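J.: My structure file work08.cif, mmCIF, C-alpha atoms, is below:
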data_protein
#
loop_
_atom_site.label_atom_id
_atom_site.label_comp_id
_atom_site.auth_asym_id
_atom_site.auth_seq_id
_atom_site.Cartn_x
_atom_site.Cartn_y
_atom_site.Cartn_z
CA MET X 8 -72.84 17.47 -72.23
CA SER X 9 -69.89 17.11 -74.62
CA GLY X 10 -69.12 13.59 -73.46
CA ASN X 11 -72.52 12.31 -74.62
CA ARG X 12 -72.69 14.22 -77.89
CA GLU X 13 -71.62 13.23 -81.36
CA HIS X 14 -68.72 15.10 -82.96
CA PHE X 15 -67.59 15.62 -86.52
CA GLY X 16 -64.82 13.21 -87.46
CA GLY X 17 -62.07 15.72 -88.30
CA ARG X 18 -61.18 18.96 -90.04
CA ALA X 19 -62.29 17.79 -93.48
CA ALA X 20 -65.66 16.73 -92.05
CA VAL X 21 -66.05 20.09 -90.27
CA ILE X 22 -65.27 22.12 -93.39
CA MET X 23 -67.48 19.99 -95.63
CA ALA X 24 -70.43 20.20 -93.23
CA MET X 25 -70.09 23.95 -92.83
CA ALA X 26 -69.43 24.43 -96.54
CA GLY X 27 -72.54 22.38 -97.21
CA SER X 28 -74.52 24.85 -95.14
CA ALA X 29 -72.89 27.82 -96.88
CA ILE X 30 -73.17 26.52 -100.45
CA GLY X 31 -76.77 27.03 -101.44
CA LEU X 32 -79.11 28.68 -103.89
CA GLY X 33 -77.59 32.12 -103.31
CA ASN X 34 -74.37 30.91 -104.94
CA ILE X 35 -76.34 29.93 -108.03
CA TRP X 36 -79.04 32.55 -108.47
CA ARG X 37 -77.50 35.67 -106.92
CA PHE X 38 -73.70 35.67 -106.90
CA PRO X 39 -73.15 35.42 -110.69
CA TYR X 40 -75.56 38.28 -111.37
CA MET X 41 -74.10 40.46 -108.59
CA THR X 42 -70.59 39.86 -109.92
CA GLY X 43 -71.45 40.92 -113.46
CA GLU X 44 -73.53 43.94 -112.46
CA TYR X 45 -71.16 45.38 -109.87
CA GLY X 46 -67.68 45.30 -111.32
CA GLY X 47 -66.80 41.76 -112.43
CA ALA X 48 -63.40 40.78 -111.06
CA ALA X 49 -63.41 43.92 -108.90
CA PHE X 50 -66.58 42.69 -107.17
CA ILE X 51 -64.98 39.27 -106.54
CA LEU X 52 -61.95 40.89 -104.90
CA ILE X 53 -64.19 43.07 -102.73
CA TYR X 54 -66.28 40.00 -101.88
CA ILE X 55 -63.16 38.09 -100.77
CA ALA X 56 -62.06 41.02 -98.59
CA CYS X 57 -65.53 41.32 -97.03
CA SER X 58 -65.65 37.58 -96.37
CA LEU X 59 -62.27 37.42 -94.63
CA VAL X 60 -62.26 40.76 -92.81
CA LEU X 61 -65.93 41.28 -91.92
CA SER X 62 -67.96 38.08 -92.24
CA LEU X 63 -65.30 35.70 -90.91
CA PRO X 64 -65.19 37.44 -87.48
CA ILE X 65 -68.97 36.98 -87.21
CA PHE X 66 -68.51 33.33 -88.20
CA LEU X 67 -65.84 32.90 -85.51
CA SER X 68 -68.06 34.59 -82.92
CA GLU X 69 -70.76 31.98 -83.49
CA ALA X 70 -68.15 29.21 -83.57
CA VAL X 71 -66.76 30.35 -80.21
CA ILE X 72 -70.20 30.09 -78.59
CA GLY X 73 -70.86 26.65 -80.05
CA ARG X 74 -67.55 24.96 -79.30
CA ARG X 75 -67.14 26.62 -75.89
CA THR X 76 -70.34 25.03 -74.67
CA HIS X 77 -70.75 21.93 -76.87
CA ALA X 78 -74.47 22.59 -76.72
CA ASN X 79 -77.38 23.64 -78.91
CA ALA X 80 -78.06 27.37 -79.28
CA ILE X 81 -80.40 27.64 -76.28
CA GLY X 82 -78.28 25.29 -74.16
CA ALA X 83 -75.22 27.38 -75.02
CA MET X 84 -76.78 30.56 -73.67
CA LYS X 85 -77.94 28.70 -70.55
CA GLN X 86 -74.29 27.94 -69.88
CA LEU X 87 -72.81 31.31 -70.80
CA ALA X 88 -75.53 33.74 -69.64
CA PRO X 89 -78.16 31.90 -67.57
CA ARG X 90 -81.32 33.74 -66.56
CA SER X 91 -80.32 36.88 -68.44
CA GLY X 92 -81.64 38.85 -71.38
CA TRP X 93 -79.03 37.14 -73.54
CA MET X 94 -81.22 34.04 -73.49
CA ALA X 95 -83.15 35.81 -76.26
CA LEU X 96 -80.17 35.10 -78.54
CA GLY X 97 -80.57 31.38 -77.95
CA TYR X 98 -84.29 31.36 -78.66
CA LEU X 99 -83.87 33.58 -81.73
CA SER X 100 -81.17 31.22 -83.03
CA VAL X 101 -83.63 28.31 -82.90
CA ILE X 102 -86.70 30.12 -84.22
CA THR X 103 -84.99 31.80 -87.20
CA PRO X 104 -83.80 28.61 -89.00
CA ILE X 105 -87.26 27.03 -88.67
CA VAL X 106 -88.76 30.09 -90.36
CA ILE X 107 -86.08 29.89 -93.07
CA ALA X 108 -86.70 26.18 -93.62
CA SER X 109 -90.43 26.82 -94.04
CA TYR X 110 -89.89 28.67 -97.33
CA TYR X 111 -86.45 27.46 -98.35
CA CYS X 112 -87.77 23.90 -98.71
CA ILE X 113 -90.41 25.25 -101.10
CA VAL X 114 -87.58 26.36 -103.39
CA GLY X 115 -85.97 22.96 -102.90
CA GLY X 116 -89.26 21.44 -104.06
CA TRP X 117 -89.16 23.55 -107.22
CA SER X 118 -85.69 22.16 -107.99
CA ILE X 119 -86.88 18.55 -107.62
CA GLU X 120 -89.85 19.27 -109.89
CA TYR X 121 -87.61 20.76 -112.57
CA PHE X 122 -85.18 17.87 -112.29
CA PHE X 123 -87.98 15.51 -113.33
CA LYS X 124 -89.19 17.93 -116.01
CA SER X 125 -85.70 17.90 -117.53
CA PHE X 126 -86.25 14.44 -118.97
CA THR X 127 -89.09 15.68 -121.19
CA LEU X 128 -87.97 19.35 -121.46
CA ASP X 129 -91.65 20.22 -121.02
CA PHE X 130 -91.10 22.89 -118.37
CA GLY X 131 -94.28 24.84 -119.01
CA GLU X 132 -94.97 28.04 -117.12
CA PHE X 133 -93.22 28.51 -113.79
CA SER X 134 -95.81 27.94 -111.02
CA PRO X 135 -94.17 28.80 -107.71
CA SER X 136 -97.25 28.26 -105.54
CA GLY X 137 -100.17 25.88 -105.24
CA TRP X 138 -100.86 22.24 -104.48
CA LYS X 139 -98.10 20.88 -106.72
CA ALA X 140 -95.60 23.18 -105.04
CA LEU X 141 -96.80 21.86 -101.68
CA ALA X 142 -96.30 18.26 -102.79
CA PHE X 143 -92.69 18.83 -103.86
CA ASP X 144 -92.06 21.00 -100.79
CA THR X 145 -93.22 18.08 -98.63
CA LEU X 146 -90.95 15.66 -100.49
CA PHE X 147 -87.89 17.91 -100.18
CA LEU X 148 -88.54 18.60 -96.49
CA ALA X 149 -89.03 14.89 -95.79
CA LEU X 150 -85.74 14.00 -97.50
CA SER X 151 -83.88 16.70 -95.54
CA CYS X 152 -85.36 15.56 -92.21
CA GLY X 153 -84.53 11.97 -93.11
CA ILE X 154 -80.84 12.85 -93.44
CA VAL X 155 -80.84 14.71 -90.10
CA ALA X 156 -82.60 11.76 -88.43
CA LEU X 157 -79.56 9.59 -89.18
CA GLY X 158 -77.46 11.64 -86.78
CA VAL X 159 -74.46 13.98 -86.88
CA LYS X 160 -71.93 11.45 -88.17
CA GLY X 161 -74.23 8.97 -89.88
CA GLY X 162 -76.44 11.62 -91.48
CA ILE X 163 -75.04 15.15 -91.70
CA GLU X 164 -71.34 14.31 -91.94
CA LYS X 165 -71.80 11.39 -94.33
CA PHE X 166 -74.18 13.37 -96.56
CA SER X 167 -71.78 16.34 -96.62
CA LYS X 168 -68.79 14.18 -97.49
CA MET X 169 -70.70 12.69 -100.42
CA SER X 170 -72.61 15.74 -101.62
CA ILE X 171 -69.90 18.43 -101.61
CA PRO X 172 -67.54 16.58 -104.02
CA VAL X 173 -70.56 15.68 -106.18
CA LEU X 174 -71.66 19.33 -106.24
CA PHE X 175 -68.26 20.51 -107.44
CA LEU X 176 -68.08 17.73 -110.04
CA LEU X 177 -71.53 18.52 -111.40
CA ILE X 178 -70.93 22.27 -111.59
CA VAL X 179 -67.60 21.70 -113.39
CA ILE X 180 -69.28 19.43 -115.97
CA ILE X 181 -71.94 22.07 -116.64
CA LEU X 182 -69.24 24.78 -116.75
CA VAL X 183 -67.25 22.93 -119.43
CA TYR X 184 -70.37 22.58 -121.56
CA SER X 185 -71.46 26.19 -120.98
CA VAL X 186 -68.19 27.95 -121.83
CA ASN X 187 -68.00 26.05 -125.13
CA MET X 188 -71.40 27.25 -126.34
CA PRO X 189 -71.46 29.77 -129.24
CA GLY X 190 -71.29 33.32 -127.90
CA ALA X 191 -70.24 32.18 -124.44
CA ARG X 192 -67.32 34.61 -124.43
CA ALA X 193 -69.64 37.51 -123.63
CA GLY X 194 -70.78 35.72 -120.48
CA ILE X 195 -67.19 35.09 -119.43
CA ASP X 196 -66.32 38.77 -119.95
CA TYR X 197 -69.41 39.73 -117.96
CA LEU X 198 -67.98 37.88 -114.96
CA VAL X 199 -64.25 38.57 -115.08
CA LYS X 200 -63.69 41.85 -116.86
CA PRO X 201 -62.95 44.45 -114.19
CA ASP X 202 -65.22 47.48 -114.51
CA LEU X 203 -64.21 50.03 -111.92
CA SER X 204 -66.94 52.40 -113.13
CA LYS X 205 -69.46 50.03 -111.54
CA VAL X 206 -67.68 50.00 -108.18
CA THR X 207 -69.75 52.22 -105.90
CA GLY X 208 -71.00 52.17 -102.34
CA LYS X 209 -73.61 49.65 -103.48
CA THR X 210 -70.85 47.30 -104.59
CA PHE X 211 -69.35 47.14 -101.10
CA ALA X 212 -72.77 46.86 -99.44
CA PHE X 213 -73.92 44.04 -101.75
CA ALA X 214 -70.59 42.19 -101.51
CA LEU X 215 -70.77 42.33 -97.71
CA GLY X 216 -74.40 41.26 -97.69
CA GLN X 217 -73.75 38.36 -100.07
CA SER X 218 -70.84 37.05 -97.98
CA PHE X 219 -72.91 37.41 -94.79
CA TYR X 220 -75.90 35.43 -96.04
CA SER X 221 -73.84 32.90 -97.93
CA LEU X 222 -71.85 31.91 -94.82
CA SER X 223 -75.09 31.06 -92.94
CA LEU X 224 -74.54 33.77 -90.34
CA GLY X 225 -77.11 34.97 -87.84
CA MET X 226 -79.26 31.83 -87.96
CA GLY X 227 -77.81 29.54 -85.28
CA ILE X 228 -76.27 27.08 -87.76
CA ILE X 229 -72.62 27.87 -87.02
CA ILE X 230 -73.32 27.78 -83.26
CA THR X 231 -74.91 24.33 -83.64
CA TYR X 232 -72.37 22.87 -86.07
CA SER X 233 -69.44 24.24 -84.03
CA SER X 234 -70.80 22.49 -80.97
CA TYR X 235 -69.92 19.24 -82.78
CA VAL X 236 -66.31 20.38 -83.37
CA ARG X 237 -63.66 18.82 -81.17
CA LYS X 238 -61.46 21.05 -78.99
CA GLU X 239 -58.30 20.22 -80.94
CA GLU X 240 -59.74 21.44 -84.24
CA ASN X 241 -58.64 24.84 -85.57
CA LEU X 242 -61.64 27.19 -85.76
CA VAL X 243 -59.84 29.82 -87.84
CA VAL X 244 -58.75 27.29 -90.47
CA SER X 245 -62.25 25.80 -90.53
CA GLY X 246 -63.75 29.26 -91.01
CA VAL X 247 -61.35 30.21 -93.81
CA GLY X 248 -61.84 26.82 -95.46
CA THR X 249 -65.61 27.26 -95.38
CA ALA X 250 -65.42 30.78 -96.82
CA LEU X 251 -63.06 29.75 -99.63
CA SER X 252 -65.11 26.65 -100.53
CA ASP X 253 -68.23 28.79 -100.70
CA LEU X 254 -66.49 31.40 -102.86
CA LEU X 255 -65.02 28.79 -105.23
CA PHE X 256 -68.41 27.17 -105.81
CA ALA X 257 -70.04 30.57 -106.40
CA ILE X 258 -67.43 31.46 -109.03
CA LEU X 259 -67.78 28.07 -110.73
CA ALA X 260 -71.57 28.52 -110.73
CA GLY X 261 -71.12 31.89 -112.41
CA PHE X 262 -69.07 30.35 -115.21
CA ALA X 263 -71.57 27.52 -115.53
CA ILE X 264 -74.57 29.84 -115.87
CA MET X 265 -73.72 33.20 -117.40
CA PRO X 266 -72.00 31.96 -120.60
CA ALA X 267 -75.15 29.94 -121.35
CA VAL X 268 -77.36 32.96 -120.64
CA PHE X 269 -75.37 35.18 -123.00
CA SER X 270 -75.12 32.42 -125.61
CA ALA X 271 -78.92 32.36 -125.72
CA GLY X 272 -79.07 36.14 -126.04
CA ILE X 273 -81.03 36.53 -122.81
CA LYS X 274 -80.47 39.41 -120.40
CA PRO X 275 -78.90 38.19 -117.16
CA SER X 276 -81.02 38.32 -114.04
CA ALA X 277 -81.01 37.17 -110.43
CA GLY X 278 -83.36 35.30 -108.15
CA PRO X 279 -85.70 32.38 -108.80
CA GLY X 280 -86.43 33.75 -112.27
CA LEU X 281 -82.87 32.96 -113.37
CA ILE X 282 -83.08 29.28 -112.42
CA PHE X 283 -86.72 28.43 -113.04
CA GLU X 284 -87.66 30.74 -115.94
CA THR X 285 -84.57 31.80 -117.90
CA LEU X 286 -82.44 28.64 -117.78
CA PRO X 287 -85.25 26.18 -118.70
CA VAL X 288 -85.82 28.20 -121.88
CA ILE X 289 -82.11 27.89 -122.66
CA PHE X 290 -82.01 24.15 -121.91
CA ALA X 291 -85.10 23.48 -124.03
CA GLY X 292 -83.63 25.30 -127.02
CA MET X 293 -79.96 24.33 -126.90
CA GLY X 294 -80.35 20.82 -128.34
CA ALA X 295 -82.64 21.18 -131.33
CA ASN X 296 -80.70 18.53 -133.19
CA ALA X 297 -79.95 16.40 -130.12
CA PRO X 298 -82.69 16.74 -127.49
CA TRP X 299 -80.99 14.19 -125.25
CA VAL X 300 -78.09 16.64 -124.79
CA SER X 301 -80.50 19.27 -123.50
CA SER X 302 -82.11 16.75 -121.16
CA VAL X 303 -78.80 15.57 -119.74
CA VAL X 304 -77.44 19.09 -119.17
CA SER X 305 -80.73 20.26 -117.69
CA ALA X 306 -81.01 17.23 -115.40
CA LEU X 307 -77.43 17.68 -114.21
CA PHE X 308 -78.06 21.35 -113.50
CA PHE X 309 -81.25 20.85 -111.51
CA LEU X 310 -79.67 17.93 -109.67
CA THR X 311 -76.93 20.39 -108.67
CA VAL X 312 -79.53 22.91 -107.52
CA THR X 313 -81.38 20.24 -105.53
CA VAL X 314 -78.26 18.96 -103.77
CA ALA X 315 -77.05 22.51 -103.04
CA ALA X 316 -80.43 23.37 -101.56
CA MET X 317 -80.49 20.19 -99.48
CA THR X 318 -77.04 20.68 -97.94
CA SER X 319 -78.35 24.01 -96.64
CA SER X 320 -81.78 22.73 -95.58
CA VAL X 321 -80.17 19.95 -93.54
CA SER X 322 -78.22 22.54 -91.55
CA VAL X 323 -81.23 24.73 -90.72
CA ILE X 324 -83.27 21.68 -89.66
CA GLU X 325 -80.48 20.41 -87.39
CA VAL X 326 -80.64 23.56 -85.24
CA GLY X 327 -84.18 22.83 -84.05
CA VAL X 328 -83.56 19.10 -83.78
CA ALA X 329 -80.48 19.64 -81.58
CA TYR X 330 -82.55 21.83 -79.26
CA LEU X 331 -85.31 19.22 -78.89
CA VAL X 332 -82.85 16.35 -78.37
CA GLU X 333 -80.76 18.10 -75.74
CA GLU X 334 -83.17 20.40 -73.92
CA LYS X 335 -86.34 18.31 -74.09
CA ASN X 336 -84.73 14.83 -74.09
CA ILE X 337 -86.64 13.81 -77.21
CA ALA X 338 -85.24 11.02 -79.37
CA ARG X 339 -83.62 12.32 -82.58
CA LYS X 340 -86.06 10.64 -84.98
CA LYS X 341 -89.05 11.96 -83.03
CA ALA X 342 -87.45 15.41 -82.88
CA CYS X 343 -87.05 15.33 -86.67
CA LEU X 344 -90.73 14.47 -87.03
CA ILE X 345 -91.70 17.40 -84.80
CA VAL X 346 -89.48 19.82 -86.73
CA PHE X 347 -90.90 18.43 -89.99
CA LEU X 348 -94.49 19.08 -88.87
CA VAL X 349 -93.79 22.57 -87.49
CA THR X 350 -91.82 23.57 -90.60
CA TRP X 351 -94.43 22.11 -92.95
CA LEU X 352 -97.30 23.89 -91.20
CA LEU X 353 -95.39 27.18 -91.17
CA GLY X 354 -94.62 26.69 -94.86
CA LEU X 355 -98.35 26.77 -95.65
CA VAL X 356 -98.09 30.55 -95.18
CA SER X 357 -95.75 30.82 -98.17
CA VAL X 358 -96.53 27.89 -100.44
CA PHE X 359 -99.90 29.21 -101.66
CA SER X 360 -98.84 32.83 -102.16
CA ILE X 361 -95.64 34.02 -103.81
CA LYS X 362 -96.31 37.45 -102.30
CA LEU X 363 -96.35 36.06 -98.77
CA PHE X 364 -93.29 33.96 -99.69
CA GLY X 365 -91.44 37.18 -100.53
CA MET X 366 -92.62 38.91 -97.37
CA VAL X 367 -91.45 36.08 -95.11
CA ASP X 368 -88.11 35.95 -96.94
CA ALA X 369 -87.63 39.72 -96.62
CA PHE X 370 -88.56 39.75 -92.92
CA THR X 371 -86.14 36.92 -92.20
CA SER X 372 -83.25 38.36 -94.22
CA ASN X 373 -83.69 42.00 -93.26
CA PHE X 374 -84.59 41.59 -89.60
CA LEU X 375 -84.14 38.15 -87.99
CA LEU X 376 -80.71 37.34 -89.44
CA THR X 377 -79.19 40.77 -88.82
CA LEU X 378 -80.65 40.89 -85.30
CA GLY X 379 -79.17 37.47 -84.54
CA ALA X 380 -75.77 38.46 -85.93
CA ILE X 381 -75.55 41.75 -84.04
CA MET X 382 -76.46 39.97 -80.80
CA VAL X 383 -73.78 37.32 -81.42
CA VAL X 384 -70.92 39.76 -81.99
CA LEU X 385 -71.97 41.99 -79.09
CA PHE X 386 -72.19 38.98 -76.80
CA VAL X 387 -68.81 37.54 -77.78
CA GLY X 388 -67.09 40.92 -78.03
CA TRP X 389 -68.50 42.57 -74.93
CA LYS X 390 -70.14 39.98 -72.64
CA MET X 391 -67.91 36.90 -72.79
CA LYS X 392 -64.57 36.96 -71.00
CA ARG X 393 -61.75 37.87 -73.34
CA ASP X 394 -59.68 34.94 -72.09
CA ASP X 395 -62.49 32.51 -72.95
CA VAL X 396 -62.74 33.89 -76.47
CA ARG X 397 -58.96 33.73 -76.83
CA ASP X 398 -58.91 30.15 -75.56
CA GLU X 399 -61.31 29.00 -78.30
CA ILE X 400 -59.83 30.93 -81.22
CA THR X 401 -56.20 30.10 -80.36
CA ASN X 402 -56.80 26.55 -79.08
CA GLY X 403 -55.48 27.44 -75.65
CA GLY X 404 -52.78 29.72 -77.02
CA THR X 405 -51.26 27.12 -79.35
CA LYS X 406 -52.56 28.49 -82.69
CA HIS X 407 -52.86 32.01 -84.13
CA ALA X 408 -51.95 33.62 -80.78
CA GLY X 409 -50.37 36.58 -82.56
CA LEU X 410 -53.42 36.99 -84.78
CA PHE X 411 -55.93 36.96 -81.92
CA PRO X 412 -55.75 40.70 -81.07
CA VAL X 413 -56.69 41.51 -84.67
CA ILE X 414 -59.54 39.00 -84.73
CA TYR X 415 -60.84 40.20 -81.37
CA PHE X 416 -60.72 43.83 -82.52
CA LEU X 417 -62.70 42.92 -85.63
CA ILE X 418 -65.28 41.03 -83.55
CA ARG X 419 -65.65 43.79 -80.97
CA TYR X 420 -65.61 46.93 -83.06
CA VAL X 421 -65.78 46.23 -86.81
CA ALA X 422 -68.27 43.33 -87.05
CA PRO X 423 -71.13 45.21 -85.31
CA ILE X 424 -70.70 48.07 -87.78
CA ALA X 425 -70.67 45.61 -90.69
CA VAL X 426 -73.98 44.08 -89.56
CA LEU X 427 -75.52 47.55 -89.23
CA VAL X 428 -74.38 48.35 -92.78
CA ILE X 429 -76.13 45.18 -94.02
CA PHE X 430 -79.29 46.08 -92.14
CA ILE X 431 -79.38 49.67 -93.43
CA SER X 432 -78.49 48.69 -97.01
CA ASN X 433 -81.34 46.16 -97.00
CA LEU X 434 -83.75 48.95 -96.14
CA ILE X 435 -82.58 51.63 -98.56
CA LEU X 436 -80.94 49.86 -101.55
#
Any chance you could put this one into structure tokens?

T.:
Amino acid sequence: MSGNREHFGGRAAVIMAMAGSAIGLGNIWRFPYMTGEYGGAAFILIYIACSLVLSLPIFLSEAVIGRRTHANAIGAMKQLAPRSGWMALGYLSVITPIVIASYYCIVGGWSIEYFFKSFTLDFGEFSPSGWKALAFDTLFLALSCGIVALGVKGGIEKFSKMSIPVLFLLIVIILVYSVNMPGARAGIDYLVKPDLSKVTGKTFAFALGQSFYSLSLGMGIIITYSSYVRKEENLVVSGVGTALSDLLFAILAGFAIMPAVFSAGIKPSAGPGLIFETLPVIFAGMGANAPWVSSVVSALFFLTVTVAAMTSSVSVIEVGVAYLVEEKNIARKKACLIVFLVTWLLGLVSVFSIKLFGMVDAFTSNFLLTLGAIMVVLFVGWKMKRDDVRDEITNGGTKHAGLFPVIYFLIRYVAPIAVLVIFISNLIL
């Protein structure tokens, strides 16, 4: 299988592709708010610890499965646990990203719509559902599938290498403008001032949950992308590089958004309301004497949101495409068309009802992703041979050999508990 498959070009390509999957809307609409509400700099430190100690072992578990087999999620389980109950992990890892893409591309469509609206600053009332939402959803999904159709190197890798530097450049430009707005200091303090009184059990639960979802865990993406990683590449370095890139962008997004929110005297919030309701009001009002400034800043921001959403949508689409190409021997372009149609039809459930949109999102986040993650860590920690896991993580004993016992302990004993904490906190918090 591996001899006929495409591979990422090198470590930089691996990290950029995986970082592209990780960097998404959650970095923009959730992380800044969570940071300010749950301890500022204290939350960031807890988030870093959760990412490296708890989420990274889950990431490595998925990476081990992918690179060990050099196959799509279902093909991987056929190699490692044929004709067993563990095949459910493979099927779940293909189904989950298609469900995610069905509503995530709707949000991507909103970002394209608001990018065009930026040139007139006539945002109007936020309309998350309906025929117009379907039109932009279709456009966003088509663009994402078009990138995947170009292949692993010609599409995903090339797009990641271009988009990730552009994302960081755009967010830095917006940050520089935002922190220099009148009253921006309050937004900066909101993010960085440590407030230990806000550090509670919720802080740890939310920090863990944010790092889990942000790293694209439990949805088959890391299994699929790791299957394109060459044997000589360092999985631990790639995992740490992905986590740090994701964290850096989230922090930059916080400094790009919250100073502007506080400058406008608006209460900070999270979710779609922050991007598509609060920020348009700020953009429309910030350039009373120079409307072109508002248009430029707004267009840059929503271009950032669109690109961030697309780097993630490309990764979830690739999971299903890889399955069709390898298991059903369907040509990549035809496989992309099939995934497009299935995802588009499934998206009809959410695009005409924001209530159903929320229900599908909650079911996916609270159940499908956590179920997938718990199955991954149990499989790698308890089903796979320890020597096979060690071989992948240490590159045949040549890298991080002394660190392996710690990583394996985290995978086997700590990671399952971490996923259960996420699942329970989703239900009760």

J.: One decimal, in Å: what's the spacing between atom CA of X:Leu427 and atom CA of X:Leu410?

T.: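 Computed distance, atom CA of X:Leu427 to atom CA of X:Leu410, equals 24.9 Å.
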
J.: So, with all atoms listed in the file as the atoms that count, which of X:Ile30, X:Ile229, X:Ile289, X:Leu96 lies closest to X:Ser68?

T.: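 Looking at the shortest contact to X:Ser68, the residue is X:Ile229.
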
J.: Need to verify the contact set: stretch 147-161 of chain X, 6 Å, all atoms listed in the file, exclusion of same-chain residues closer than 5 positions in sequence. Can you return it as a ChimeraX atom specification?

T.: /X:112,116,321,339-340,343

J.: Determine, counting only C-alpha atoms, which protein, DNA and RNA residues have an atom within 8 Å of an atom of X:Phe143; residues of the same chain fewer than 4 positions away are not included. Present the result as a PyMOL selection string.

T.: chain X and resi 113+115-117+119-120+139+147

J.: Please report the interatomic distance between atom CA of X:Ser276 and atom CA of X:Ala48 in Å with one decimal.

T.: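 These two atoms are separated by 18.0 Å.
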
J.: Step by step, work through what the PyMOL selection byres ((chain X and resi 266) around 6) selects in the shown file, and finish by giving those residues as number ranges by chain.

T.: X: 185-186, 191, 194-195, 264-265, 267-270

J.: Excluding same-chain residues fewer than 2 positions from X:Gly278, what lies within 9 Å of it counting only C-alpha atoms, as a ChimeraX atom specification?

T.: /X:32-33,35-37,40,276,280-282

J.: Tell me, as a ChimeraX atom specification, which residues lie within 8 Å of X:Pro104, counting only C-alpha atoms; anything in the same chain fewer than 5 positions away does not count.

T.: /X:226-228,323-324,326-327

J.: Smallest atom-to-atom distance to X:Tyr235: which of X:Gly31, X:Ile65, X:Ile414, X:His77, using only C-alpha atoms?

T.: X:His77

J.: State, in Å with one decimal place, the distance from atom CA of X:Gly17 to atom CA of X:Leu174.

T.: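 According to the coordinates, atom CA of X:Gly17 and atom CA of X:Leu174 are separated by 20.7 Å.
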
J.: Between X:Asn402, X:Asn241, X:Ser218, X:Thr127, which has the minimum distance to X:Ile51 (counting all atoms listed in the file)?

T.: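 Using all atoms listed in the file, the shortest distance to X:Ile51 belongs to X:Ser218.
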